[in-house]
Each structure stands twice: as structure tokens, then as C-alpha cells.
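J.: entry-v1.tsv is reproduced below (TSV, C-alpha atoms).
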chain	number	residue	atom	x	y	z
A	1	MET	CA	-21.41	-51.77	77.65
A	2	ILE	CA	-20.94	-55.03	79.51
A	3	ASP	CA	-21.22	-56.91	76.21
A	4	ASP	CA	-18.23	-55.01	74.89
A	5	LEU	CA	-15.93	-56.12	77.75
A	6	VAL	CA	-13.86	-59.26	78.14
A	7	THR	CA	-12.87	-60.47	81.61
A	8	LEU	CA	-9.42	-61.81	82.39
A	9	SER	CA	-8.03	-63.16	85.64
A	10	ASN	CA	-5.36	-61.08	87.38
A	11	GLN	CA	-3.55	-61.71	90.66
A	12	ALA	CA	-2.06	-58.95	92.85
A	13	THR	CA	0.03	-59.27	96.02
A	14	PRO	CA	-0.23	-55.92	97.83
A	15	LYS	CA	1.73	-55.55	101.06
A	16	ASP	CA	-0.29	-55.54	104.26
A	17	ILE	CA	0.29	-55.05	107.99
A	18	PRO	CA	2.78	-57.61	109.37
A	19	TYR	CA	1.67	-60.11	111.97
A	20	GLY	CA	4.18	-59.88	114.80
A	21	GLU	CA	7.64	-60.37	113.33
A	22	ASP	CA	6.33	-62.31	110.33
A	23	ARG	CA	5.31	-60.89	107.01
A	24	ILE	CA	1.79	-61.56	105.73
A	25	ILE	CA	1.45	-62.54	102.06
A	26	LEU	CA	-1.81	-61.15	100.72
A	27	ARG	CA	-3.07	-62.45	97.36
A	28	TRP	CA	-5.96	-60.75	95.63
A	29	ASN	CA	-7.55	-62.46	92.64
A	30	LYS	CA	-9.12	-59.51	90.92
A	31	THR	CA	-10.74	-59.09	87.54
A	32	ARG	CA	-9.08	-57.27	84.67
A	33	TRP	CA	-11.53	-55.87	82.14
A	34	ARG	CA	-10.58	-55.39	78.51
A	35	CYS	CA	-12.68	-53.33	76.13
A	36	ARG	CA	-13.20	-54.73	72.63
A	37	GLU	CA	-14.11	-51.40	71.09
A	38	GLY	CA	-11.33	-49.98	68.92
A	39	TYR	CA	-11.99	-46.34	69.91
A	40	CYS	CA	-11.44	-47.05	73.63
A	41	GLN	CA	-8.28	-45.24	74.77
A	42	ARG	CA	-8.00	-46.99	78.12
A	43	ASN	CA	-8.11	-50.51	76.68
A	44	THR	CA	-7.90	-52.37	80.04
A	45	PHE	CA	-8.62	-51.68	83.70
A	46	THR	CA	-8.92	-53.71	86.90
A	47	ASP	CA	-11.18	-53.83	89.91
A	48	THR	CA	-10.31	-51.48	92.79
A	49	ILE	CA	-11.42	-51.15	96.39
A	50	GLY	CA	-11.05	-48.36	98.92
A	51	GLN	CA	-8.10	-49.98	100.69
A	52	ILE	CA	-6.22	-50.67	97.44
A	53	PRO	CA	-6.72	-48.00	94.76
A	54	ALA	CA	-5.46	-48.33	91.20
A	55	ARG	CA	-1.71	-49.04	90.83
A	56	ALA	CA	-1.29	-49.27	94.62
A	57	ARG	CA	1.17	-51.82	96.00
A	58	THR	CA	0.23	-51.38	99.68
A	59	THR	CA	-3.04	-51.45	101.59
A	60	GLY	CA	-4.54	-48.33	103.10
A	61	ARG	CA	-4.27	-49.66	106.64
A	62	LEU	CA	-0.57	-50.34	106.13
A	63	ARG	CA	0.01	-46.80	104.91
A	64	ASN	CA	-1.95	-45.40	107.85
A	65	GLN	CA	0.05	-47.48	110.31
A	66	MET	CA	3.38	-46.42	108.82
A	67	GLY	CA	2.36	-42.75	108.77
A	68	ALA	CA	1.29	-42.89	112.42
A	69	ALA	CA	4.46	-44.75	113.43
A	70	ILE	CA	6.67	-42.08	111.85
A	71	GLY	CA	4.59	-39.10	112.88
A	72	ASP	CA	2.98	-39.92	116.21
A	73	ALA	CA	5.65	-42.25	117.58
A	74	ALA	CA	8.58	-40.18	116.25
A	75	ARG	CA	10.33	-43.17	114.71
A	76	ALA	CA	12.87	-42.96	111.90
A	77	VAL	CA	11.60	-43.61	108.37
A	78	THR	CA	14.29	-46.24	107.81
A	79	GLU	CA	13.26	-48.14	110.94
A	80	VAL	CA	9.55	-48.10	110.05
A	81	ALA	CA	10.26	-49.17	106.46
A	82	ALA	CA	12.32	-52.14	107.64
A	83	ALA	CA	9.69	-53.17	110.21
A	84	HIS	CA	6.92	-53.18	107.57
A	85	PHE	CA	9.01	-54.73	104.74
A	86	VAL	CA	8.73	-51.73	102.41
A	87	SER	CA	11.19	-49.29	100.88
A	88	TRP	CA	12.14	-45.90	102.34
A	89	PRO	CA	10.20	-43.88	99.69
A	90	THR	CA	7.05	-45.92	100.35
A	91	ALA	CA	7.20	-45.30	104.11
A	92	HIS	CA	8.01	-41.62	103.58
A	93	ARG	CA	5.07	-41.12	101.21
A	94	ALA	CA	2.81	-42.70	103.83
A	95	PHE	CA	3.99	-40.16	106.41
A	96	VAL	CA	3.60	-37.25	103.99
A	97	ALA	CA	-0.01	-38.22	103.32
A	98	HIS	CA	-0.62	-38.72	107.05
A	99	ALA	CA	0.87	-35.33	107.94
A	100	GLU	CA	-0.82	-33.33	105.19
A	101	SER	CA	-4.21	-34.70	106.21
A	102	GLN	CA	-3.76	-33.29	109.74
A	103	LEU	CA	-1.61	-30.17	109.37
A	104	LEU	CA	-3.64	-27.01	108.90
A	105	GLU	CA	-2.72	-23.45	108.00
A	106	PRO	CA	-1.82	-21.44	111.16
A	107	THR	CA	-4.60	-19.28	112.57
A	108	PRO	CA	-4.01	-15.74	113.96
A	109	VAL	CA	-2.04	-15.62	117.22
A	110	HIS	CA	-1.73	-12.98	119.94
A	111	ALA	CA	1.99	-13.47	120.68
A	112	LEU	CA	4.63	-14.90	118.35
A	113	GLY	CA	8.00	-16.36	119.31
A	114	ILE	CA	10.95	-16.43	116.90
A	115	ASP	CA	14.22	-18.29	117.43
A	116	GLU	CA	16.81	-20.23	115.44
A	117	THR	CA	18.13	-23.79	115.61
A	118	ARG	CA	21.06	-25.36	113.83
A	119	ARG	CA	20.03	-27.73	111.03
A	120	GLY	CA	23.35	-29.45	110.50
A	121	LYS	CA	27.09	-29.18	110.73
A	122	PRO	CA	28.94	-26.39	108.93
A	123	ARG	CA	30.13	-27.41	105.48
A	124	TRP	CA	32.02	-25.97	102.54
A	125	GLU	CA	30.25	-25.36	99.24
A	126	GLN	CA	31.52	-23.98	95.94
A	127	CYS	CA	29.84	-20.78	94.81
A	128	ALA	CA	28.34	-21.16	91.34
A	129	ASP	CA	29.12	-17.53	90.37
A	130	THR	CA	32.65	-16.99	91.70
A	131	GLY	CA	33.86	-20.58	91.92
A	132	LYS	CA	35.22	-19.93	95.42
A	133	TRP	CA	34.62	-22.25	98.32
A	134	VAL	CA	32.49	-20.65	101.04
A	135	ARG	CA	31.61	-21.88	104.52
A	136	VAL	CA	27.89	-22.59	104.92
A	137	ASP	CA	26.47	-22.74	108.43
A	138	PRO	CA	22.93	-24.13	108.08
A	139	TRP	CA	20.28	-22.72	110.40
A	140	ASP	CA	16.49	-22.84	110.58
A	141	THR	CA	14.19	-20.19	112.00
A	142	GLY	CA	11.18	-21.40	113.95
A	143	PHE	CA	7.90	-19.58	114.60
A	144	VAL	CA	5.97	-20.57	117.73
A	145	ASP	CA	2.54	-19.67	119.10
A	146	LEU	CA	3.19	-18.21	122.58
A	147	SER	CA	-0.44	-17.44	123.40
A	148	GLY	CA	-2.26	-20.60	122.30
A	149	ASP	CA	-1.88	-24.32	121.65
A	150	GLN	CA	-0.84	-24.28	117.99
A	151	GLY	CA	2.78	-25.04	118.87
A	152	ILE	CA	5.23	-24.64	116.01
A	153	LEU	CA	3.61	-22.56	113.30
A	154	GLY	CA	6.34	-23.13	110.76
A	155	GLN	CA	10.03	-23.51	109.96
A	156	ALA	CA	12.02	-21.48	107.44
A	157	GLU	CA	15.50	-22.14	106.13
A	158	GLY	CA	18.09	-19.57	107.27
A	159	HIS	CA	18.31	-17.08	110.13
A	160	THR	CA	18.30	-13.71	108.41
A	161	SER	CA	15.89	-10.82	108.20
A	162	LYS	CA	14.77	-11.97	104.77
A	163	THR	CA	13.89	-15.39	106.19
A	164	VAL	CA	11.47	-13.86	108.70
A	165	ILE	CA	10.06	-11.34	106.23
A	166	ASP	CA	9.37	-13.99	103.59
A	167	TRP	CA	7.64	-16.31	106.07
A	168	LEU	CA	5.43	-13.56	107.52
A	169	SER	CA	4.64	-12.17	104.06
A	170	ALA	CA	3.29	-15.59	103.07
A	171	ARG	CA	0.70	-15.41	105.85
A	172	THR	CA	-2.69	-13.73	105.51
A	173	PRO	CA	-3.18	-10.04	106.40
A	174	GLU	CA	-5.47	-11.13	109.26
A	175	PHE	CA	-2.65	-13.24	110.69
A	176	ARG	CA	-0.11	-10.41	110.58
A	177	GLU	CA	-2.52	-7.82	111.97
A	178	GLY	CA	-3.49	-10.09	114.87
A	179	ILE	CA	0.07	-10.32	116.23
A	180	GLU	CA	0.49	-7.90	119.14
A	181	TYR	CA	3.78	-9.15	120.63
A	182	VAL	CA	6.86	-10.77	119.12
A	183	ALA	CA	9.39	-12.33	121.51
A	184	ILE	CA	12.99	-12.78	120.34
A	185	ASP	CA	16.49	-13.01	121.77
A	186	PRO	CA	18.71	-9.92	121.29
A	187	ALA	CA	19.19	-10.63	117.57
A	188	ALA	CA	19.45	-7.60	115.31
A	189	VAL	CA	18.40	-9.52	112.18
A	190	TYR	CA	15.08	-10.57	113.75
A	191	ALA	CA	14.45	-7.11	115.19
A	192	LYS	CA	15.03	-5.57	111.76
A	193	ALA	CA	12.52	-7.94	110.19
A	194	VAL	CA	9.82	-7.29	112.80
A	195	ARG	CA	10.29	-3.52	112.41
A	196	THR	CA	9.81	-3.66	108.63
A	197	PRO	CA	7.17	-1.03	107.80
A	198	GLY	CA	3.76	-2.52	107.13
A	199	LEU	CA	4.75	-6.10	107.94
A	200	LEU	CA	3.41	-6.33	111.53
A	201	PRO	CA	1.53	-3.06	112.10
A	202	ASN	CA	0.34	-3.89	115.63
A	203	ALA	CA	3.33	-5.81	116.98
A	204	VAL	CA	5.44	-4.81	120.00
A	205	LEU	CA	8.94	-6.29	120.16
A	206	VAL	CA	9.88	-8.08	123.40
A	207	VAL	CA	13.37	-9.33	124.32
A	208	ASP	CA	13.58	-12.53	126.32
A	209	HIS	CA	15.18	-12.03	129.75
A	210	PHE	CA	16.92	-15.42	129.74
A	211	HIS	CA	19.35	-14.29	127.02
A	212	LEU	CA	20.09	-11.07	128.93
A	213	VAL	CA	21.14	-13.05	131.99
A	214	GLN	CA	23.17	-15.26	129.69
A	215	LEU	CA	25.00	-12.17	128.38
A	216	ALA	CA	25.70	-11.09	131.96
A	217	ASN	CA	27.09	-14.52	132.83
A	218	THR	CA	29.26	-14.40	129.73
A	219	ALA	CA	30.63	-11.02	130.87
A	220	VAL	CA	31.52	-12.47	134.29
A	221	THR	CA	33.31	-15.40	132.66
A	222	LYS	CA	35.29	-13.09	130.37
A	223	VAL	CA	36.38	-10.94	133.31
A	224	ARG	CA	37.43	-14.00	135.33
A	225	ARG	CA	39.54	-15.38	132.47
A	226	ARG	CA	41.12	-12.02	131.68
A	227	VAL	CA	42.07	-11.32	135.29
A	228	THR	CA	43.58	-14.78	135.65
A	229	TRP	CA	45.80	-14.21	132.61
A	230	GLU	CA	46.84	-10.76	133.88
A	231	LEU	CA	47.75	-12.03	137.35
A	232	LYS	CA	49.30	-15.42	136.53
A	233	ASP	CA	50.06	-15.31	132.83
A	234	ARG	CA	48.20	-18.59	132.31
A	235	ARG	CA	44.68	-19.96	132.29
A	236	GLY	CA	42.94	-20.93	135.52
A	237	GLY	CA	43.22	-24.34	137.15
A	238	LYS	CA	41.92	-26.28	140.11
A	239	ILE	CA	44.37	-24.60	142.46
A	240	ASP	CA	43.00	-21.15	141.61
A	241	PRO	CA	40.09	-19.86	143.76
A	242	GLU	CA	38.53	-17.96	140.84
A	243	TRP	CA	38.43	-21.18	138.80
A	244	ALA	CA	37.16	-23.27	141.72
A	245	ASN	CA	34.30	-20.78	142.25
A	246	ARG	CA	33.43	-20.36	138.57
A	247	LYS	CA	30.03	-22.06	138.94
A	248	ARG	CA	29.16	-20.07	142.06
A	249	LEU	CA	29.87	-16.87	140.11
A	250	LEU	CA	27.22	-17.89	137.59
A	251	THR	CA	24.66	-18.87	140.23
A	252	GLY	CA	22.04	-16.42	141.44
A	253	ARG	CA	22.63	-14.96	144.88
A	254	GLU	CA	19.36	-16.35	146.26
A	255	ARG	CA	20.39	-19.85	145.21
A	256	LEU	CA	23.68	-19.76	147.12
A	257	SER	CA	23.74	-20.75	150.77
A	258	GLY	CA	25.33	-18.35	153.21
A	259	LYS	CA	28.30	-20.68	153.64
A	260	ASN	CA	28.99	-21.01	149.90
A	261	PHE	CA	28.58	-17.28	149.29
A	262	THR	CA	30.96	-16.39	152.12
A	263	ARG	CA	33.53	-18.91	150.89
A	264	MET	CA	33.41	-17.51	147.36
A	265	TRP	CA	33.49	-13.89	148.48
A	266	ASN	CA	36.44	-14.26	150.84
A	267	ALA	CA	38.44	-16.39	148.39
A	268	LEU	CA	38.09	-13.84	145.57
A	269	ILE	CA	38.90	-10.89	147.84
A	270	ASP	CA	42.19	-12.54	148.82
A	271	GLU	CA	43.04	-13.70	145.29
A	272	ASP	CA	42.07	-10.71	143.12
A	273	PRO	CA	43.59	-7.39	144.30
A	274	SER	CA	41.74	-5.46	141.58
A	275	GLN	CA	38.36	-6.85	142.71
A	276	GLN	CA	37.20	-6.92	139.10
A	277	ILE	CA	35.74	-10.42	139.32
A	278	LEU	CA	33.49	-9.54	142.25
A	279	ALA	CA	32.57	-6.26	140.56
A	280	ALA	CA	31.45	-8.19	137.49
A	281	TYR	CA	29.48	-10.58	139.71
A	282	ILE	CA	27.71	-7.65	141.40
A	283	GLY	CA	26.94	-6.11	138.00
A	284	LYS	CA	25.35	-9.37	136.91
A	285	GLU	CA	23.25	-9.45	140.08
A	286	GLU	CA	22.18	-5.83	139.53
A	287	LEU	CA	20.86	-6.82	136.10
A	288	ARG	CA	19.02	-9.79	137.56
A	289	THR	CA	17.49	-7.48	140.18
A	290	LEU	CA	16.35	-5.15	137.42
A	291	LEU	CA	14.73	-8.00	135.49
A	292	SER	CA	12.99	-9.28	138.64
A	293	THR	CA	10.84	-6.13	138.56
A	294	VAL	CA	8.52	-8.12	136.32
A	295	ARG	CA	7.29	-9.93	139.46
A	296	VAL	CA	5.67	-6.70	140.69
A	297	GLY	CA	4.11	-5.83	137.35
A	298	GLY	CA	6.99	-3.75	136.01
A	299	ASP	CA	6.47	-0.80	138.39
A	300	PRO	CA	7.96	2.19	136.50
A	301	HIS	CA	9.43	3.91	139.58
A	302	LEU	CA	11.10	0.75	140.84
A	303	THR	CA	12.28	-0.07	137.33
A	304	GLY	CA	13.84	3.34	136.91
A	305	HIS	CA	15.60	3.11	140.29
A	306	ARG	CA	17.08	-0.32	139.57
A	307	LEU	CA	18.06	0.66	136.03
A	308	HIS	CA	19.97	3.66	137.43
A	309	ASN	CA	21.76	1.41	139.94
A	310	PHE	CA	22.80	-0.99	137.17
A	311	TYR	CA	24.10	1.77	134.88
A	312	ALA	CA	25.90	3.51	137.74
A	313	TRP	CA	27.64	0.32	138.87
A	314	CYS	CA	28.81	-0.55	135.34
A	315	ALA	CA	30.08	3.00	134.75
A	316	ASP	CA	31.85	3.32	138.12
A	317	SER	CA	33.54	-0.07	137.78
A	318	ASN	CA	35.09	0.95	134.43
A	319	ILE	CA	35.36	-2.73	133.43
A	320	PRO	CA	35.21	-3.13	129.64
A	321	GLU	CA	32.98	-6.21	129.79
A	322	LEU	CA	30.45	-4.47	132.05
A	323	LEU	CA	30.48	-1.35	129.88
A	324	THR	CA	29.69	-3.50	126.86
A	325	LEU	CA	26.86	-5.18	128.78
A	326	ALA	CA	25.44	-1.79	129.80
A	327	LYS	CA	25.55	-0.58	126.18
A	328	THR	CA	23.67	-3.70	125.09
A	329	VAL	CA	20.98	-3.15	127.72
A	330	ASP	CA	20.71	0.50	126.70
A	331	ALA	CA	20.35	-0.40	123.01
A	332	TRP	CA	17.57	-2.91	123.74
A	333	TRP	CA	15.91	-1.08	126.62
A	334	PRO	CA	12.50	-0.43	124.96
A	335	GLU	CA	12.19	-4.16	124.22
A	336	ILE	CA	13.42	-5.08	127.72
A	337	ASN	CA	10.91	-2.71	129.29
A	338	ALA	CA	8.19	-4.37	127.18
A	339	PHE	CA	9.09	-7.67	128.85
A	340	LEU	CA	8.89	-6.07	132.32
A	341	CYS	CA	5.40	-4.79	131.53
A	342	THR	CA	3.98	-7.86	129.74
A	343	GLU	CA	5.89	-10.85	131.25
A	344	ILE	CA	6.07	-12.37	127.75
A	345	THR	CA	9.08	-14.64	127.34
A	346	ASN	CA	10.47	-16.94	124.69
A	347	ALA	CA	10.55	-19.91	127.08
A	348	ARG	CA	8.02	-21.89	125.04
A	349	THR	CA	10.09	-21.34	121.90
A	350	GLU	CA	13.20	-22.64	123.68
A	351	GLY	CA	11.22	-25.69	124.77
A	352	TYR	CA	10.20	-26.42	121.19
A	353	ASN	CA	13.84	-26.03	120.15
A	354	ARG	CA	14.59	-29.01	122.36
A	355	LEU	CA	11.82	-30.94	120.59
A	356	VAL	CA	13.25	-29.92	117.20
A	357	LYS	CA	16.66	-31.33	118.13
A	358	THR	CA	15.05	-34.57	119.33
A	359	VAL	CA	13.20	-34.99	116.04
A	360	LYS	CA	16.38	-34.37	114.06
A	361	ARG	CA	18.25	-36.99	116.07
A	362	SER	CA	15.54	-39.62	115.61
A	363	ALA	CA	15.49	-38.89	111.87
A	364	CYS	CA	19.30	-39.17	111.68
A	365	GLY	CA	19.35	-35.74	110.03
A	366	PHE	CA	17.46	-34.25	107.08
A	367	ARG	CA	18.86	-33.61	103.61
A	368	ASN	CA	15.65	-32.03	102.31
A	369	PRO	CA	14.59	-28.81	104.14
A	370	GLU	CA	10.96	-29.36	103.12
A	371	ASN	CA	10.89	-32.80	104.73
A	372	SER	CA	12.57	-31.35	107.81
A	373	ALA	CA	10.02	-28.55	108.18
A	374	ARG	CA	7.08	-30.94	107.72
A	375	ARG	CA	8.37	-33.47	110.24
A	376	ILE	CA	9.21	-30.81	112.84
A	377	ARG	CA	5.88	-29.02	112.53
A	378	PHE	CA	3.95	-32.27	112.78
A	379	HIS	CA	5.64	-33.11	116.08
A	380	GLY	CA	5.36	-29.51	117.26
A	381	THR	CA	1.55	-29.45	116.85
A	382	ARG	CA	0.79	-32.60	118.84
A	383	LYS	CA	-0.80	-30.61	121.68
A	384	LEU	CA	-3.25	-28.99	119.25
A	385	ARG	CA	-4.24	-32.33	117.73
A	386	VAL	CA	-4.81	-33.84	121.18
A	387	ALA	CA	-7.06	-30.91	122.11
A	388	GLU	CA	-9.09	-31.28	118.92
A	389	TYR	CA	-9.37	-35.03	119.54
A	390	GLN	CA	-10.75	-34.42	123.04
A	391	ILE	CA	-13.19	-31.75	121.83
A	392	SER	CA	-14.56	-34.13	119.19
A	393	GLY	CA	-15.36	-36.66	121.92
A	394	GLY	CA	-12.45	-38.97	121.21
A	395	LEU	CA	-13.45	-39.44	117.59
A	396	PRO	CA	-11.21	-38.64	114.64
A	397	ALA	CA	-11.98	-35.29	113.07
As a first step, turn the structure in this file into C-alpha cells.
T.:
Amino acid sequence: MIDDLVTLSNQATPKDIPYGEDRIILRWNKTRWRCREGYCQRNTFTDTIGQIPARARTTGRLRNQMGAAIGDAARAVTEVAAAHFVSWPTAHRAFVAHAESQLLEPTPVHALGIDETRRGKPRWEQCADTGKWVRVDPWDTGFVDLSGDQGILGQAEGHTSKTVIDWLSARTPEFREGIEYVAIDPAAVYAKAVRTPGLLPNAVLVVDHFHLVQLANTAVTKVRRRVTWELKDRRGGKIDPEWANRKRLLTGRERLSGKNFTRMWNALIDEDPSQQILAAYIGKEELRTLLSTVRVGGDPHLTGHRLHNFYAWCADSNIPELLTLAKTVDAWWPEINAFLCTEITNARTEGYNRLVKTVKRSACGFRNPENSARRIRFHGTRKLRVAEYQISGGLPA
């Protein structure tokens, strides 16, 4: 076979790791082999090594460095490409290879957290069927491991019931059967998906208490603004006690000093003859007292007593905002009671939402949802990779 080959000289200049701020010019004098047999379909081929496979224009160590810079250091692809004197597609392919070599399929989890994050600004798109312009508000739904160290299990485009159902249906039956708790905010679309028959047969739905307190604070703010308009026919200002105490109204009673609480209380009694603002504040505190039952293990007798006090106060006050809040609590009570008994919250999911926003800012936005999901999940599984690195004795897996 060697007798049938002719050797020719060939020079390649693959790109390598820069030295400081200077670019290194690497020249490789390799051999090109040409076959003299007429039936040979390949005709010519060149020498290859592990660092530079066939038709490669960059070295393996350069690709590894760019992939780690984008993935582990959370740098923008454009920045890494400019620093290594390559194009954006070359740097992006290096990260894709780096990420796919480390990202694994999610394993079964005990508790699952679901929440949405905005993927970009609202925009107008023309419908292909009707030709009308429709407003598109892009959102992503994230799935987080609340019971282990797997971090972000995945990202799906949209925030509808179908989005959750499609993502869960793509998982293995063992994964779906192993989920015992699903934590969400009071979102009907997510609750509908979790309750789909046969999808999560062993899952109990849990509502996060943070969003319930947020709803109560929103009710207090609505009452304060409405009362101000009714009394003064204008919005509140610095000269108005209810506006000056707006932050104290949203602060928990135990976090207010006696002096600040007395100042707020007396100012609102003198300013608001209807006492609706203070009634809304007390209703918010009654809900917080109800949710604090989780600290004593969700005692059913204490929970029932505090729930009755909350409902009674909202009904006796006859304030529309408090009545709406009470109806919301009543509609979600089984899921709220599950939180009081299990102490499962969506706090870890909210923390990963902050990480998601940081990744999007460093990437200057994503046009491709697939690239967005890959980048976000890679950064959201860093804790798992660190644990595996430590278990392996500090050696790459």
C-alpha cells in the first residue's frame, strides 16, 4: 500500500492559544498523501494528530480554553472570540462541545420547582395565518431540583400548561414517578399542568408562601391608593402620611420598632377616617401569622384557628381588596396547607432565576432559544459539577 502512495508537502497554520495579548502563529509542515490507484475514491489525505483532527482550523487546547471561558467564567461569546482571534461561530461551537460533554440527562428528584422568567422584551409579530400583528411576550419556564444538587434541570420556551406538560412528558417514567412535591407560585397554568391525569401520579402541589405575602402587600398598596383618591381626589405625595408610611405598611410587624409602628399607626388613624388602610395592614399581618404556622410543623389546630381569624377579619372589614385576597387563599388552600406541613418553598427556584438573568445579561441576549437553554442550564448545574469533581478526587471525570 505504501508503494501506491505519493507524498507531497503541505503547510497548515491552525490557531492556537494566544500568549498574553499577542497572537501565536503556529505552522505545521504536515504530509499530504496521494493515492496513485485509479479506483481510490478518497484520492488524497493528510496527517492528523489528536489536537488537530482533519479539516480543523484550531487546536484542541484552544477549543477547550474557549469553551471553559464561555461556560465556567460566564463570559460573552463575542468577548471570548475577540480575545482568542477567532470568529463568533468558532467560539460558540467550542462552548457547545464543552457543554455537551458535561451536561447529563436529569436524574429523578424528590421535589421539583417550576417558575417563569422573561426571555426578552415584548415585540410585535405578524401571524402567518391571519396576517394580523400580534403582541408576543417571550417567557421561559425553568425546572429546578429543590431536593438535591442538580440545579436547573431544564428550560422550556413559553409559560403555559402545554410547556410544562411537554417538558415532563419528555422525561422518563421513573423521573415522573419519583416526583413527590411540585412547588409553584399561584399560577393556574402550572397547577393545571401538574394535575394532568397520569403525568405526575405521586406529586403533591405546593404553593410558595413568598408569593402569598406579595399578594397581601399588593392588596395593601391598592387600598392605600384607592383611599387617597377618594379622600383627596389625587394621588399621594410626600405631604400625605399614608404615602410617607407606604414602606412601613409593607414591612412585617416584628421588623418595625415600637417608635416606627406607633408613628405609622397614629398618623393613619388621624388621616384616614374610614380606617381601611390599617384594616388592610392588619389583614396582611393575619395572613403572615397564618403562614408562620410552618415554624411549629403546621399544627392543624393552630392552623385552623389562624385561618378562621384571617377569614373573619377579611369578611368583617368588607374591603374589596381583602375579600379578593381571602378568595385567593380559599381557592389555593390545599396547596397552602401542603406548604405548612412540608416547609417546601420555591426559594431555590427564585435564586436560580437571578442566575438566569445574570447569564442573559452577560450574553447580551439570546436569539436562539436552544442556545439560551443550553447556556442557562450549564451555569445552573455548576454546583453538581463541583461536587462530582470533589468526589473524583480533584480529577476530571
J.: For the atom pair atom CA of Arg377 of chain A and atom CA of Ile344 of chain A, what is the interatomic distance in Å to one decimal place?
T.: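 Computed distance, atom CA of Arg377 of chain A to atom CA of Ile344 of chain A, equals 22.6 Å.
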J.: Kindly indicate which residue among A:Thr196, A:Asn318, A:Gln214, A:Asn266 lies nearest to Glu285 of chain A, using all atoms listed in the file for the distances.
T.: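 When distances to Glu285 of chain A are compared using all atoms listed in the file, the smallest one comes from A:Gln214.
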J.: When distances are computed from all atoms listed in the file, which of A:Ile179, A:Ala76, A:Leu112, A:Leu199 shows the smallest separation from Val144 of chain A?
T.: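 Using all atoms listed in the file, the shortest distance to Val144 of chain A belongs to A:Leu112.
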J.: Under the rule that all atoms listed in the file are counted, which of A:Arg354, A:His92, A:Arg288, A:Arg253 is the nearest residue to His209 of chain A?
T.: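 Among the listed residues, A:Arg288 lies closest to His209 of chain A.
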J.: Taking only C-alpha atoms into account, which of A:Leu153, A:Ala244, A:Leu322, A:Ala99 comes nearest Asn217 of chain A?
T.: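 Among the listed residues, A:Leu322 lies closest to Asn217 of chain A.
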J.: Quick one: residues within 10 Å of Ala191 of chain A, only C-alpha atoms, excluding same-chain residues fewer than 4 positions away - as a list in words?
T.: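 Contacts, in chain order: Ser161, Val164, Val182, Ala183, Ile184, Asp185, Pro186, Ala187, Arg195, Thr196, Leu205, Val206, Val207 and Glu335 of chain A.
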J.: Applying 10 Å and all atoms listed in the file, which residues near Ile152 of chain A remain after dropping the ones on its own chain fewer than 6 positions away? List them as a PyMOL selection string.
T.: chain A and resi 106+113+142-146+348-349+352-353+356+373+376-382
J.: Could you check which of A:Met66, A:Leu256, A:Val204, A:Val227 is closest to Phe339 of chain A, using all atoms listed in the file?
T.: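 Among the listed residues, the smallest separation from Phe339 of chain A belongs to A:Val204.
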J.: Could you work out how far atom CA of Ile114 of chain A lies from atom CA of Ala347 of chain A, giving the answer in Å with one decimal?
T.: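 Separating atom CA of Ala347 of chain A from atom CA of Ile114 of chain A is a distance of 10.8 Å.
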J.: Enclose all atoms of segment 52-61 of chain A listed in the file in an axis-aligned box, grow every side by 8 Å, and hand back centre and edge lengths in Å to one decimal, as lines of an AutoDock Vina configuration file.
T.:
center_x = -2.8
center_y = -49.9
center_z = 98.7
size_x = 23.9
size_y = 19.8
size_z = 31.8
J.: Got a minute to add N, CA and C atoms to segment 312-325 of chain A and dump it as an mmCIF file, keeping the file's coordinate frame?
T.:
data_model
loop_
_atom_site.group_PDB
_atom_site.id
_atom_site.type_symbol
_atom_site.label_atom_id
_atom_site.label_comp_id
_atom_site.auth_asym_id
_atom_site.auth_seq_id
_atom_site.Cartn_x
_atom_site.Cartn_y
_atom_site.Cartn_z
ATOM 1 N N ALA A 312 24.892 2.853 136.897
ATOM 2 C CA ALA A 312 25.900 3.510 137.740
ATOM 3 C C ALA A 312 27.001 2.534 138.135
ATOM 4 N N TRP A 313 26.628 1.308 138.477
ATOM 5 C CA TRP A 313 27.640 0.320 138.870
ATOM 6 C C TRP A 313 28.557 -0.016 137.698
ATOM 7 N N CYS A 314 27.985 -0.221 136.516
ATOM 8 C CA CYS A 314 28.810 -0.550 135.340
ATOM 9 C C CYS A 314 29.740 0.617 134.988
ATOM 10 N N ALA A 315 29.242 1.848 135.087
ATOM 11 C CA ALA A 315 30.080 3.000 134.750
ATOM 12 C C ALA A 315 31.173 3.211 135.780
ATOM 13 N N ASP A 316 30.849 3.091 137.070
ATOM 14 C CA ASP A 316 31.850 3.320 138.120
ATOM 15 C C ASP A 316 32.921 2.230 138.131
ATOM 16 N N SER A 317 32.551 1.010 137.764
ATOM 17 C CA SER A 317 33.540 -0.070 137.780
ATOM 18 C C SER A 317 34.582 0.091 136.681
ATOM 19 N N ASN A 318 34.186 0.711 135.558
ATOM 20 C CA ASN A 318 35.090 0.950 134.430
ATOM 21 C C ASN A 318 35.711 -0.349 133.913
ATOM 22 N N ILE A 319 34.913 -1.432 133.958
ATOM 23 C CA ILE A 319 35.360 -2.730 133.430
ATOM 24 C C ILE A 319 34.822 -2.845 132.008
ATOM 25 N N PRO A 320 35.678 -3.113 131.037
ATOM 26 C CA PRO A 320 35.210 -3.130 129.640
ATOM 27 C C PRO A 320 34.038 -4.071 129.395
ATOM 28 N N GLU A 321 34.060 -5.250 130.003
ATOM 29 C CA GLU A 321 32.980 -6.210 129.790
ATOM 30 C C GLU A 321 31.649 -5.693 130.330
ATOM 31 N N LEU A 322 31.683 -5.030 131.486
ATOM 32 C CA LEU A 322 30.450 -4.470 132.050
ATOM 33 C C LEU A 322 29.969 -3.267 131.244
ATOM 34 N N LEU A 323 30.882 -2.484 130.718
ATOM 35 C CA LEU A 323 30.480 -1.350 129.880
ATOM 36 C C LEU A 323 29.794 -1.840 128.612
ATOM 37 N N THR A 324 30.330 -2.918 128.043
ATOM 38 C CA THR A 324 29.690 -3.500 126.860
ATOM 39 C C THR A 324 28.299 -4.024 127.197
ATOM 40 N N LEU A 325 28.166 -4.677 128.354
ATOM 41 C CA LEU A 325 26.860 -5.180 128.780
ATOM 42 C C LEU A 325 25.872 -4.035 128.976
#
